[in-house]
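Shown next: data-v3.cif, containing mmCIF, N, CA, C and O atoms.
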```
data_structure
loop_
_atom_site.label_atom_id
_atom_site.label_comp_id
_atom_site.auth_asym_id
_atom_site.auth_seq_id
_atom_site.Cartn_x
_atom_site.Cartn_y
_atom_site.Cartn_z
N MET A 1 -160.61 -31.77 -123.33
CA MET A 1 -161.08 -30.41 -123.45
C MET A 1 -160.07 -29.52 -124.17
O MET A 1 -160.46 -28.64 -124.93
N VAL A 2 -158.79 -29.76 -123.93
CA VAL A 2 -157.75 -28.96 -124.58
C VAL A 2 -157.78 -29.20 -126.09
O VAL A 2 -157.69 -28.24 -126.87
N GLN A 3 -157.94 -30.45 -126.48
CA GLN A 3 -157.99 -30.77 -127.90
C GLN A 3 -159.18 -30.07 -128.56
O GLN A 3 -159.04 -29.46 -129.63
N ALA A 4 -160.34 -30.12 -127.93
CA ALA A 4 -161.53 -29.47 -128.49
C ALA A 4 -161.33 -27.96 -128.57
O ALA A 4 -161.70 -27.34 -129.57
N ALA A 5 -160.73 -27.37 -127.55
CA ALA A 5 -160.51 -25.92 -127.55
C ALA A 5 -159.57 -25.52 -128.69
O ALA A 5 -159.80 -24.51 -129.37
N CYS A 6 -158.55 -26.31 -128.91
CA CYS A 6 -157.61 -26.04 -130.00
C CYS A 6 -158.32 -26.15 -131.35
O CYS A 6 -158.15 -25.31 -132.24
N GLN A 7 -159.15 -27.18 -131.50
CA GLN A 7 -159.87 -27.37 -132.75
C GLN A 7 -160.91 -26.28 -132.97
O GLN A 7 -161.11 -25.84 -134.11
N TRP A 8 -161.57 -25.83 -131.92
CA TRP A 8 -162.52 -24.73 -132.07
C TRP A 8 -161.78 -23.47 -132.51
O TRP A 8 -162.27 -22.69 -133.32
N SER A 9 -160.59 -23.27 -131.97
CA SER A 9 -159.79 -22.12 -132.36
C SER A 9 -159.43 -22.19 -133.85
O SER A 9 -159.52 -21.19 -134.58
N GLU A 10 -159.03 -23.37 -134.30
CA GLU A 10 -158.71 -23.52 -135.72
C GLU A 10 -159.98 -23.37 -136.57
O GLU A 10 -159.94 -22.80 -137.65
N HIS A 11 -161.10 -23.87 -136.06
CA HIS A 11 -162.37 -23.69 -136.78
C HIS A 11 -162.67 -22.21 -136.96
O HIS A 11 -163.09 -21.79 -138.04
N GLU A 12 -162.43 -21.41 -135.94
CA GLU A 12 -162.66 -19.96 -136.04
C GLU A 12 -161.78 -19.35 -137.13
O GLU A 12 -162.22 -18.47 -137.87
N PHE A 13 -160.55 -19.81 -137.22
CA PHE A 13 -159.66 -19.33 -138.28
C PHE A 13 -160.27 -19.65 -139.65
O PHE A 13 -160.38 -18.79 -140.52
N TRP A 14 -160.64 -20.92 -139.87
CA TRP A 14 -161.20 -21.33 -141.15
C TRP A 14 -162.52 -20.65 -141.44
O TRP A 14 -162.82 -20.30 -142.58
N ASP A 15 -163.31 -20.43 -140.40
CA ASP A 15 -164.60 -19.75 -140.58
C ASP A 15 -164.38 -18.31 -141.06
O ASP A 15 -165.07 -17.84 -141.96
N GLY A 16 -163.41 -17.62 -140.48
CA GLY A 16 -163.10 -16.26 -140.92
C GLY A 16 -162.59 -16.24 -142.36
O GLY A 16 -162.99 -15.40 -143.16
N ALA A 17 -161.72 -17.19 -142.69
CA ALA A 17 -161.19 -17.28 -144.06
C ALA A 17 -162.31 -17.62 -145.04
O ALA A 17 -162.38 -17.05 -146.13
N LEU A 18 -163.21 -18.53 -144.65
CA LEU A 18 -164.33 -18.90 -145.50
C LEU A 18 -165.25 -17.72 -145.73
O LEU A 18 -165.67 -17.45 -146.85
N ASN A 19 -165.57 -16.99 -144.68
CA ASN A 19 -166.44 -15.82 -144.82
C ASN A 19 -165.82 -14.79 -145.76
O ASN A 19 -166.53 -14.19 -146.58
N GLN A 20 -164.51 -14.62 -145.68
CA GLN A 20 -163.84 -13.66 -146.54
C GLN A 20 -163.88 -14.08 -148.00
O GLN A 20 -164.20 -13.29 -148.89
N VAL A 21 -163.56 -15.33 -148.28
CA VAL A 21 -163.56 -15.79 -149.67
C VAL A 21 -164.99 -15.80 -150.22
O VAL A 21 -165.21 -15.48 -151.39
N TYR A 22 -165.98 -16.10 -149.38
CA TYR A 22 -167.37 -16.06 -149.82
C TYR A 22 -167.78 -14.64 -150.17
O TYR A 22 -168.38 -14.40 -151.23
N GLU A 23 -167.45 -13.68 -149.31
CA GLU A 23 -167.78 -12.27 -149.59
C GLU A 23 -167.07 -11.79 -150.85
O GLU A 23 -167.67 -11.08 -151.67
N ASP A 24 -165.81 -12.15 -151.01
CA ASP A 24 -165.06 -11.75 -152.21
C ASP A 24 -165.70 -12.34 -153.47
O ASP A 24 -165.86 -11.67 -154.48
N LEU A 25 -166.08 -13.61 -153.40
CA LEU A 25 -166.70 -14.27 -154.54
C LEU A 25 -168.08 -13.67 -154.83
O LEU A 25 -168.44 -13.46 -155.99
N LEU A 26 -168.81 -13.33 -153.79
CA LEU A 26 -170.13 -12.70 -153.98
C LEU A 26 -169.98 -11.33 -154.64
O LEU A 26 -170.71 -11.01 -155.59
N GLU A 27 -169.01 -10.54 -154.19
CA GLU A 27 -168.76 -9.24 -154.82
C GLU A 27 -168.32 -9.41 -156.27
O GLU A 27 -168.78 -8.68 -157.15
N PHE A 28 -167.44 -10.37 -156.51
CA PHE A 28 -166.95 -10.60 -157.87
C PHE A 28 -168.09 -11.01 -158.80
O PHE A 28 -168.21 -10.49 -159.91
N THR A 29 -168.94 -11.93 -158.36
CA THR A 29 -170.04 -12.38 -159.21
C THR A 29 -171.05 -11.26 -159.44
O THR A 29 -171.59 -11.15 -160.54
N ALA A 30 -171.29 -10.43 -158.44
CA ALA A 30 -172.21 -9.29 -158.63
C ALA A 30 -171.64 -8.31 -159.66
O ALA A 30 -172.38 -7.81 -160.52
N ARG A 31 -170.34 -8.05 -159.59
CA ARG A 31 -169.70 -7.17 -160.59
C ARG A 31 -169.77 -7.80 -161.98
O ARG A 31 -170.02 -7.12 -162.96
N LYS A 32 -169.55 -9.09 -162.05
CA LYS A 32 -169.60 -9.79 -163.33
C LYS A 32 -171.00 -9.70 -163.94
O LYS A 32 -171.14 -9.46 -165.13
N GLU A 33 -172.01 -9.86 -163.13
CA GLU A 33 -173.39 -9.71 -163.61
C GLU A 33 -173.65 -8.30 -164.11
O GLU A 33 -174.33 -8.11 -165.11
N ALA A 34 -173.12 -7.31 -163.42
CA ALA A 34 -173.35 -5.91 -163.78
C ALA A 34 -172.55 -5.49 -165.01
O ALA A 34 -173.05 -4.71 -165.84
N ASP A 35 -171.34 -6.02 -165.16
CA ASP A 35 -170.44 -5.57 -166.21
C ASP A 35 -170.51 -6.39 -167.49
O ASP A 35 -170.10 -5.91 -168.55
N ASP A 36 -170.95 -7.60 -167.42
CA ASP A 36 -170.92 -8.51 -168.58
C ASP A 36 -172.35 -8.74 -169.05
O ASP A 36 -173.17 -9.30 -168.34
N ASP A 37 -172.64 -8.33 -170.26
CA ASP A 37 -174.02 -8.43 -170.75
C ASP A 37 -174.44 -9.88 -171.07
O ASP A 37 -175.57 -10.12 -171.46
N HIS A 38 -173.55 -10.83 -170.87
CA HIS A 38 -173.92 -12.24 -171.05
C HIS A 38 -174.63 -12.80 -169.82
O HIS A 38 -175.18 -13.90 -169.89
N TYR A 39 -174.58 -12.07 -168.72
CA TYR A 39 -175.20 -12.53 -167.47
C TYR A 39 -176.41 -11.68 -167.13
O TYR A 39 -176.38 -10.46 -167.26
N GLU A 40 -177.45 -12.33 -166.64
CA GLU A 40 -178.60 -11.61 -166.12
C GLU A 40 -178.35 -11.29 -164.65
O GLU A 40 -177.51 -11.93 -164.00
N GLN A 41 -179.09 -10.33 -164.13
CA GLN A 41 -178.97 -9.99 -162.72
C GLN A 41 -179.30 -11.22 -161.87
O GLN A 41 -180.28 -11.92 -162.14
N ASN A 42 -178.48 -11.49 -160.89
CA ASN A 42 -178.62 -12.60 -159.94
C ASN A 42 -178.38 -13.98 -160.55
O ASN A 42 -178.63 -14.99 -159.89
N GLN A 43 -177.92 -14.04 -161.76
CA GLN A 43 -177.67 -15.33 -162.41
C GLN A 43 -176.55 -16.09 -161.70
O GLN A 43 -176.59 -17.33 -161.64
N LEU A 44 -175.57 -15.39 -161.18
CA LEU A 44 -174.47 -16.02 -160.46
C LEU A 44 -174.62 -15.89 -158.95
O LEU A 44 -174.31 -16.83 -158.21
N THR A 45 -175.08 -14.73 -158.49
CA THR A 45 -175.13 -14.49 -157.04
C THR A 45 -176.17 -15.35 -156.34
O THR A 45 -175.91 -15.87 -155.25
N ASP A 46 -177.35 -15.53 -156.94
CA ASP A 46 -178.38 -16.35 -156.27
C ASP A 46 -177.94 -17.80 -156.10
O ASP A 46 -178.07 -18.36 -155.00
N PRO A 47 -177.39 -18.45 -157.14
CA PRO A 47 -176.92 -19.82 -156.94
C PRO A 47 -175.76 -19.92 -155.94
O PRO A 47 -175.66 -20.90 -155.20
N LEU A 48 -174.91 -18.90 -155.90
CA LEU A 48 -173.82 -18.89 -154.91
C LEU A 48 -174.39 -18.84 -153.50
O LEU A 48 -173.96 -19.60 -152.62
N ARG A 49 -175.35 -17.97 -153.27
CA ARG A 49 -175.98 -17.89 -151.94
C ARG A 49 -176.66 -19.21 -151.59
O ARG A 49 -176.55 -19.70 -150.46
N LYS A 50 -177.39 -19.78 -152.55
CA LYS A 50 -178.08 -21.05 -152.31
C LYS A 50 -177.08 -22.15 -152.00
O LYS A 50 -177.30 -22.97 -151.10
N MET A 51 -175.97 -22.18 -152.74
CA MET A 51 -174.95 -23.19 -152.50
C MET A 51 -174.41 -23.08 -151.07
O MET A 51 -174.25 -24.08 -150.38
N GLN A 52 -174.14 -21.85 -150.63
CA GLN A 52 -173.58 -21.67 -149.30
C GLN A 52 -174.58 -22.04 -148.22
O GLN A 52 -174.22 -22.69 -147.23
N ARG A 53 -175.84 -21.66 -148.39
CA ARG A 53 -176.88 -22.04 -147.41
C ARG A 53 -177.03 -23.55 -147.35
O ARG A 53 -177.18 -24.14 -146.28
N THR A 54 -177.00 -24.20 -148.51
CA THR A 54 -177.11 -25.65 -148.56
C THR A 54 -175.90 -26.30 -147.91
O THR A 54 -176.03 -27.31 -147.20
N TRP A 55 -174.73 -25.73 -148.13
CA TRP A 55 -173.53 -26.27 -147.49
C TRP A 55 -173.64 -26.18 -145.97
O TRP A 55 -173.26 -27.13 -145.26
N ILE A 56 -174.16 -25.09 -145.45
CA ILE A 56 -174.31 -24.95 -143.99
C ILE A 56 -175.19 -26.06 -143.45
O ILE A 56 -174.87 -26.68 -142.42
N ALA A 57 -176.30 -26.35 -144.13
CA ALA A 57 -177.18 -27.44 -143.70
C ALA A 57 -176.44 -28.78 -143.77
O ALA A 57 -176.57 -29.62 -142.87
N PHE A 58 -175.66 -28.98 -144.84
CA PHE A 58 -174.88 -30.21 -144.98
C PHE A 58 -173.86 -30.34 -143.85
O PHE A 58 -173.72 -31.40 -143.24
N ARG A 59 -173.14 -29.25 -143.58
CA ARG A 59 -172.14 -29.27 -142.50
C ARG A 59 -172.78 -29.60 -141.17
O ARG A 59 -172.29 -30.45 -140.42
N ASP A 60 -173.90 -28.95 -140.88
CA ASP A 60 -174.58 -29.19 -139.61
C ASP A 60 -175.06 -30.64 -139.50
O ASP A 60 -174.95 -31.26 -138.44
N ALA A 61 -175.60 -31.19 -140.59
CA ALA A 61 -176.05 -32.57 -140.57
C ALA A 61 -174.88 -33.54 -140.44
O ALA A 61 -174.94 -34.52 -139.69
N THR A 62 -173.80 -33.27 -141.16
CA THR A 62 -172.61 -34.11 -141.10
C THR A 62 -172.04 -34.13 -139.69
O THR A 62 -171.75 -35.20 -139.14
N CYS A 63 -171.90 -32.96 -139.10
CA CYS A 63 -171.33 -32.88 -137.75
C CYS A 63 -172.32 -33.39 -136.70
O CYS A 63 -171.91 -33.95 -135.68
N GLY A 64 -173.60 -33.22 -136.96
CA GLY A 64 -174.61 -33.78 -136.07
C GLY A 64 -174.54 -35.30 -136.03
O GLY A 64 -174.68 -35.92 -134.97
N PHE A 65 -174.33 -35.90 -137.20
CA PHE A 65 -174.18 -37.35 -137.26
C PHE A 65 -172.93 -37.80 -136.51
O PHE A 65 -172.96 -38.77 -135.75
N ALA A 66 -171.82 -37.10 -136.72
CA ALA A 66 -170.59 -37.44 -136.02
C ALA A 66 -170.76 -37.31 -134.52
O ALA A 66 -170.32 -38.16 -133.75
N LEU A 67 -171.44 -36.27 -134.09
CA LEU A 67 -171.68 -36.04 -132.67
C LEU A 67 -172.58 -37.12 -132.09
O LEU A 67 -172.35 -37.60 -130.98
N ALA A 68 -173.60 -37.53 -132.84
CA ALA A 68 -174.50 -38.58 -132.36
C ALA A 68 -173.74 -39.88 -132.09
O ALA A 68 -174.02 -40.58 -131.11
N GLY A 69 -172.78 -40.17 -132.94
CA GLY A 69 -171.99 -41.37 -132.73
C GLY A 69 -171.04 -41.28 -131.56
O GLY A 69 -170.63 -42.30 -131.00
N ALA A 70 -170.69 -40.08 -131.16
CA ALA A 70 -169.74 -39.89 -130.06
C ALA A 70 -170.44 -39.77 -128.70
O ALA A 70 -169.80 -39.97 -127.67
N LYS A 71 -171.71 -39.44 -128.69
CA LYS A 71 -172.41 -39.18 -127.42
C LYS A 71 -172.33 -40.34 -126.43
O LYS A 71 -172.19 -40.09 -125.24
N PRO A 72 -172.40 -41.59 -126.85
CA PRO A 72 -172.31 -42.66 -125.85
C PRO A 72 -170.99 -42.66 -125.10
O PRO A 72 -170.88 -43.26 -124.04
N PHE A 73 -169.99 -42.01 -125.65
CA PHE A 73 -168.67 -42.02 -125.04
C PHE A 73 -168.38 -40.76 -124.23
O PHE A 73 -167.27 -40.57 -123.75
N GLY A 74 -169.36 -39.89 -124.09
CA GLY A 74 -169.26 -38.72 -123.24
C GLY A 74 -168.16 -37.75 -123.61
O GLY A 74 -168.39 -36.80 -124.35
N SER A 75 -166.97 -37.97 -123.11
CA SER A 75 -165.89 -37.00 -123.28
C SER A 75 -165.42 -36.89 -124.73
O SER A 75 -164.74 -35.93 -125.09
N ALA A 76 -165.79 -37.81 -125.58
CA ALA A 76 -165.41 -37.74 -126.99
C ALA A 76 -166.24 -36.72 -127.76
O ALA A 76 -165.85 -36.29 -128.85
N SER A 77 -167.37 -36.32 -127.20
CA SER A 77 -168.28 -35.43 -127.92
C SER A 77 -167.64 -34.11 -128.33
O SER A 77 -167.78 -33.67 -129.47
N GLY A 78 -166.95 -33.46 -127.41
CA GLY A 78 -166.34 -32.16 -127.70
C GLY A 78 -165.34 -32.21 -128.84
O GLY A 78 -165.46 -31.47 -129.81
N PRO A 79 -164.35 -33.11 -128.75
CA PRO A 79 -163.37 -33.19 -129.84
C PRO A 79 -163.98 -33.64 -131.16
O PRO A 79 -163.57 -33.16 -132.23
N VAL A 80 -164.96 -34.53 -131.14
CA VAL A 80 -165.56 -34.99 -132.38
C VAL A 80 -166.29 -33.85 -133.07
O VAL A 80 -166.13 -33.63 -134.28
N GLU A 81 -167.07 -33.09 -132.33
CA GLU A 81 -167.80 -31.97 -132.92
C GLU A 81 -166.85 -30.89 -133.44
O GLU A 81 -167.00 -30.41 -134.57
N SER A 82 -165.88 -30.52 -132.63
CA SER A 82 -164.96 -29.46 -133.04
C SER A 82 -164.12 -29.88 -134.25
O SER A 82 -163.89 -29.10 -135.16
N ARG A 83 -163.69 -31.13 -134.27
CA ARG A 83 -162.90 -31.62 -135.41
C ARG A 83 -163.74 -31.61 -136.69
O ARG A 83 -163.27 -31.21 -137.75
N CYS A 84 -164.99 -32.03 -136.57
CA CYS A 84 -165.86 -32.04 -137.74
C CYS A 84 -166.11 -30.63 -138.26
O CYS A 84 -166.02 -30.37 -139.47
N MET A 85 -166.43 -29.71 -137.38
CA MET A 85 -166.69 -28.32 -137.80
C MET A 85 -165.45 -27.72 -138.45
O MET A 85 -165.54 -27.05 -139.47
N MET A 86 -164.29 -27.98 -137.85
CA MET A 86 -163.04 -27.47 -138.40
C MET A 86 -162.80 -28.05 -139.79
O MET A 86 -162.52 -27.32 -140.75
N ARG A 87 -162.92 -29.37 -139.92
CA ARG A 87 -162.65 -30.04 -141.19
C ARG A 87 -163.61 -29.60 -142.29
O ARG A 87 -163.19 -29.26 -143.40
N GLU A 88 -164.90 -29.56 -142.00
CA GLU A 88 -165.88 -29.20 -143.02
C GLU A 88 -165.77 -27.74 -143.42
O GLU A 88 -165.97 -27.39 -144.59
N THR A 89 -165.45 -26.87 -142.48
CA THR A 89 -165.30 -25.45 -142.80
C THR A 89 -164.06 -25.22 -143.66
O THR A 89 -164.12 -24.48 -144.65
N ALA A 90 -162.96 -25.89 -143.33
CA ALA A 90 -161.75 -25.79 -144.15
C ALA A 90 -162.02 -26.34 -145.54
O ALA A 90 -161.60 -25.74 -146.55
N ARG A 91 -162.73 -27.44 -145.61
CA ARG A 91 -163.04 -28.05 -146.91
C ARG A 91 -163.84 -27.08 -147.78
O ARG A 91 -163.57 -26.92 -148.97
N GLN A 92 -164.82 -26.40 -147.19
CA GLN A 92 -165.63 -25.45 -147.96
C GLN A 92 -164.81 -24.23 -148.37
O GLN A 92 -165.01 -23.69 -149.45
N TYR A 93 -163.91 -23.80 -147.51
CA TYR A 93 -163.02 -22.70 -147.87
C TYR A 93 -162.26 -23.04 -149.16
O TYR A 93 -162.22 -22.25 -150.10
N PHE A 94 -161.66 -24.23 -149.21
CA PHE A 94 -160.90 -24.62 -150.39
C PHE A 94 -161.80 -24.80 -151.61
O PHE A 94 -161.41 -24.50 -152.74
N GLN A 95 -163.03 -25.25 -151.39
CA GLN A 95 -163.98 -25.37 -152.50
C GLN A 95 -164.27 -24.00 -153.10
O GLN A 95 -164.25 -23.83 -154.32
N LEU A 96 -164.55 -23.01 -152.26
CA LEU A 96 -164.83 -21.66 -152.77
C LEU A 96 -163.59 -21.03 -153.39
O LEU A 96 -163.69 -20.31 -154.39
N GLN A 97 -162.43 -21.30 -152.84
CA GLN A 97 -161.17 -20.81 -153.44
C GLN A 97 -161.03 -21.39 -154.84
O GLN A 97 -160.63 -20.68 -155.77
N ASN A 98 -161.34 -22.64 -155.00
CA ASN A 98 -161.26 -23.30 -156.31
C ASN A 98 -162.25 -22.67 -157.29
O ASN A 98 -161.91 -22.41 -158.44
N ILE A 99 -163.45 -22.41 -156.83
CA ILE A 99 -164.45 -21.76 -157.69
C ILE A 99 -163.98 -20.37 -158.09
O ILE A 99 -164.06 -19.98 -159.25
N ALA A 100 -163.49 -19.61 -157.12
CA ALA A 100 -163.01 -18.25 -157.40
C ALA A 100 -161.88 -18.28 -158.41
O ALA A 100 -161.79 -17.43 -159.30
N GLY A 101 -161.00 -19.26 -158.31
CA GLY A 101 -159.89 -19.39 -159.25
C GLY A 101 -160.35 -19.63 -160.67
O GLY A 101 -159.69 -19.23 -161.62
N GLY A 102 -161.50 -20.25 -160.83
CA GLY A 102 -162.04 -20.51 -162.15
C GLY A 102 -162.52 -19.25 -162.85
O GLY A 102 -162.64 -19.21 -164.07
N TYR A 103 -162.77 -18.19 -162.09
CA TYR A 103 -163.22 -16.92 -162.66
C TYR A 103 -162.06 -16.01 -163.04
O TYR A 103 -162.24 -15.02 -163.70
N ARG A 104 -160.87 -16.32 -162.57
CA ARG A 104 -159.72 -15.45 -162.81
C ARG A 104 -159.05 -15.77 -164.10
O ARG A 104 -159.08 -16.73 -164.70
#
```
Once you've parsed the file, please lay out its structure as C-alpha cells.
Amino acid sequence: MVQAACQWSEHEFWDGALNQVYEDLLEFTARKEADDDHYEQNQLTDPLRKMQRTWIAFRDATCGFALAGAKPFGSASGPVESRCMMRETARQYFQLQNIAGGYR
C-alpha cells in the first residue's frame, strides 16, 4: 500500500505537469493559428485535442491491461495500476514537451 500511495503521489505530480504543458501548447497553437496566415482556424488545436483524448483512452487501456494481469495476485493490483498511470502520464508529459520544443 505504501508503494502504491507513493506512486499515486508521483502520478499526481506528472498529471499536473502534463496538464500545464498541454494548456501551454493549446494556447500557443491557438495564437499561432490566429497570428500566422498559413494556418486555418483549428488546424493545430483540433488535432492536439484529439491527440490528447486518444492518449487518455490509450493510457486507460494500457493500465487496464496491466491491472487485469495483476488481479489474480490481489495485493499487486494497487502498485501495478499506480505505476502504470505514473509511467504513462510522465511519458505523455515528455511527448508534449518534445512537441512544444518543435514550435520554438
Residue contacts of stretch 95-102 of chain A (8 Å, all atoms listed in the file) excluding same-chain residues fewer than 5 positions away, as a list in words: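 These residues fall inside the cut-off: Ala17, Leu18, Val21, Tyr22, Asp24, Leu25, Glu88, Thr89 and Ala90 of chain A.
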Would you mind exporting N, CA, C and O atoms of the selected residues as a tab-separated table (two decimals), in the coordinates of the input?
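Below is the file that was written, again14.tsv:
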```tsv
chain	number	residue	atom	x	y	z
A	17	ALA	N	-161.72	-17.19	-142.69
A	17	ALA	CA	-161.19	-17.28	-144.06
A	17	ALA	C	-162.31	-17.62	-145.04
A	17	ALA	O	-162.38	-17.05	-146.13
A	18	LEU	N	-163.21	-18.53	-144.65
A	18	LEU	CA	-164.33	-18.90	-145.50
A	18	LEU	C	-165.25	-17.72	-145.73
A	18	LEU	O	-165.67	-17.45	-146.85
A	21	VAL	N	-163.56	-15.33	-148.28
A	21	VAL	CA	-163.56	-15.79	-149.67
A	21	VAL	C	-164.99	-15.80	-150.22
A	21	VAL	O	-165.21	-15.48	-151.39
A	22	TYR	N	-165.98	-16.10	-149.38
A	22	TYR	CA	-167.37	-16.06	-149.82
A	22	TYR	C	-167.78	-14.64	-150.17
A	22	TYR	O	-168.38	-14.40	-151.23
A	24	ASP	N	-165.81	-12.15	-151.01
A	24	ASP	CA	-165.06	-11.75	-152.21
A	24	ASP	C	-165.70	-12.34	-153.47
A	24	ASP	O	-165.86	-11.67	-154.48
A	25	LEU	N	-166.08	-13.61	-153.40
A	25	LEU	CA	-166.70	-14.27	-154.54
A	25	LEU	C	-168.08	-13.67	-154.83
A	25	LEU	O	-168.44	-13.46	-155.99
A	88	GLU	N	-164.90	-29.56	-142.00
A	88	GLU	CA	-165.88	-29.20	-143.02
A	88	GLU	C	-165.77	-27.74	-143.42
A	88	GLU	O	-165.97	-27.39	-144.59
A	89	THR	N	-165.45	-26.87	-142.48
A	89	THR	CA	-165.30	-25.45	-142.80
A	89	THR	C	-164.06	-25.22	-143.66
A	89	THR	O	-164.12	-24.48	-144.65
A	90	ALA	N	-162.96	-25.89	-143.33
A	90	ALA	CA	-161.75	-25.79	-144.15
A	90	ALA	C	-162.02	-26.34	-145.54
A	90	ALA	O	-161.60	-25.74	-146.55
```
Residues selected by the PyMOL selection byres ((chain A and resi 44) around 8), written as a ChimeraX atom specification: /A:25-26,29-30,32-33,39-43,45-51
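Counting from atom CA of A:Ala5, the distance to atom CA of A:Ala76 is 12.8 Å.
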A:Gly69, A:Gln3, A:Cys63, A:Arg53 ranked by distance to A:Cys84, top pick (using only C-alpha atoms): A:Cys63
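Proximity to A:Cys6 was assessed for A:Arg31, A:Arg83, A:Arg59, A:Arg91 counting all atoms listed in the file; the smallest distance is recorded for A:Arg83.
In this structure, atom CA of A:Gln20 sits 9.2 Å away from atom CA of A:Tyr93.
You will find atom CA of A:Glu10 at 20.2 Å from atom CA of A:Gln52.
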Using only C-alpha atoms: which of A:Val80, A:Ala34, A:Ile56, A:Val2 has the shortest distance to A:Gln92: A:Ile56
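Ranking A:Gly64, A:Phe94, A:Asp36, A:Trp14 by their shortest atom-to-atom distance to A:Glu81, with all atoms listed in the file included, puts A:Gly64 first.
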N, CA, C and O atoms of stretch 58-69 of chain A from block above, as a PDB file, in the first residue's frame:
```
ATOM      1  N   PHE A  58      -5.793   5.463 -24.672  1.00  0.00           N
ATOM      2  CA  PHE A  58      -4.657   4.543 -24.733  1.00  0.00           C
ATOM      3  C   PHE A  58      -4.114   4.257 -23.331  1.00  0.00           C
ATOM      4  O   PHE A  58      -3.861   3.103 -22.971  1.00  0.00           O
ATOM      5  N   ARG A  59      -3.931   5.314 -22.546  1.00  0.00           N
ATOM      6  CA  ARG A  59      -3.422   5.147 -21.175  1.00  0.00           C
ATOM      7  C   ARG A  59      -4.347   4.257 -20.360  1.00  0.00           C
ATOM      8  O   ARG A  59      -3.905   3.331 -19.679  1.00  0.00           O
ATOM      9  N   ASP A  60      -5.638   4.535 -20.445  1.00  0.00           N
ATOM     10  CA  ASP A  60      -6.603   3.744 -19.674  1.00  0.00           C
ATOM     11  C   ASP A  60      -6.598   2.278 -20.105  1.00  0.00           C
ATOM     12  O   ASP A  60      -6.669   1.376 -19.270  1.00  0.00           O
ATOM     13  N   ALA A  61      -6.508   2.026 -21.415  1.00  0.00           N
ATOM     14  CA  ALA A  61      -6.466   0.655 -21.903  1.00  0.00           C
ATOM     15  C   ALA A  61      -5.167  -0.039 -21.493  1.00  0.00           C
ATOM     16  O   ALA A  61      -5.165  -1.204 -21.086  1.00  0.00           O
ATOM     17  N   THR A  62      -4.051   0.680 -21.604  1.00  0.00           N
ATOM     18  CA  THR A  62      -2.761   0.125 -21.228  1.00  0.00           C
ATOM     19  C   THR A  62      -2.741  -0.249 -19.750  1.00  0.00           C
ATOM     20  O   THR A  62      -2.333  -1.359 -19.379  1.00  0.00           O
ATOM     21  N   CYS A  63      -3.203   0.663 -18.915  1.00  0.00           N
ATOM     22  CA  CYS A  63      -3.200   0.399 -17.471  1.00  0.00           C
ATOM     23  C   CYS A  63      -4.276  -0.623 -17.090  1.00  0.00           C
ATOM     24  O   CYS A  63      -4.096  -1.396 -16.146  1.00  0.00           O
ATOM     25  N   GLY A  64      -5.365  -0.641 -17.835  1.00  0.00           N
ATOM     26  CA  GLY A  64      -6.389  -1.663 -17.610  1.00  0.00           C
ATOM     27  C   GLY A  64      -5.847  -3.059 -17.883  1.00  0.00           C
ATOM     28  O   GLY A  64      -6.138  -4.013 -17.151  1.00  0.00           O
ATOM     29  N   PHE A  65      -5.054  -3.182 -18.948  1.00  0.00           N
ATOM     30  CA  PHE A  65      -4.432  -4.463 -19.261  1.00  0.00           C
ATOM     31  C   PHE A  65      -3.448  -4.872 -18.169  1.00  0.00           C
ATOM     32  O   PHE A  65      -3.426  -6.017 -17.730  1.00  0.00           O
ATOM     33  N   ALA A  66      -2.630  -3.928 -17.723  1.00  0.00           N
ATOM     34  CA  ALA A  66      -1.675  -4.221 -16.654  1.00  0.00           C
ATOM     35  C   ALA A  66      -2.401  -4.641 -15.381  1.00  0.00           C
ATOM     36  O   ALA A  66      -2.001  -5.591 -14.704  1.00  0.00           O
ATOM     37  N   LEU A  67      -3.483  -3.960 -15.069  1.00  0.00           N
ATOM     38  CA  LEU A  67      -4.263  -4.275 -13.876  1.00  0.00           C
ATOM     39  C   LEU A  67      -4.909  -5.650 -14.000  1.00  0.00           C
ATOM     40  O   LEU A  67      -4.936  -6.419 -13.033  1.00  0.00           O
ATOM     41  N   ALA A  68      -5.410  -5.991 -15.180  1.00  0.00           N
ATOM     42  CA  ALA A  68      -6.032  -7.296 -15.383  1.00  0.00           C
ATOM     43  C   ALA A  68      -5.039  -8.424 -15.114  1.00  0.00           C
ATOM     44  O   ALA A  68      -5.400  -9.455 -14.533  1.00  0.00           O
ATOM     45  N   GLY A  69      -3.797  -8.211 -15.502  1.00  0.00           N
ATOM     46  CA  GLY A  69      -2.787  -9.226 -15.251  1.00  0.00           C
ATOM     47  C   GLY A  69      -2.389  -9.335 -13.795  1.00  0.00           C
ATOM     48  O   GLY A  69      -1.902 -10.376 -13.354  1.00  0.00           O
TER      49      GLY A  69
END
```
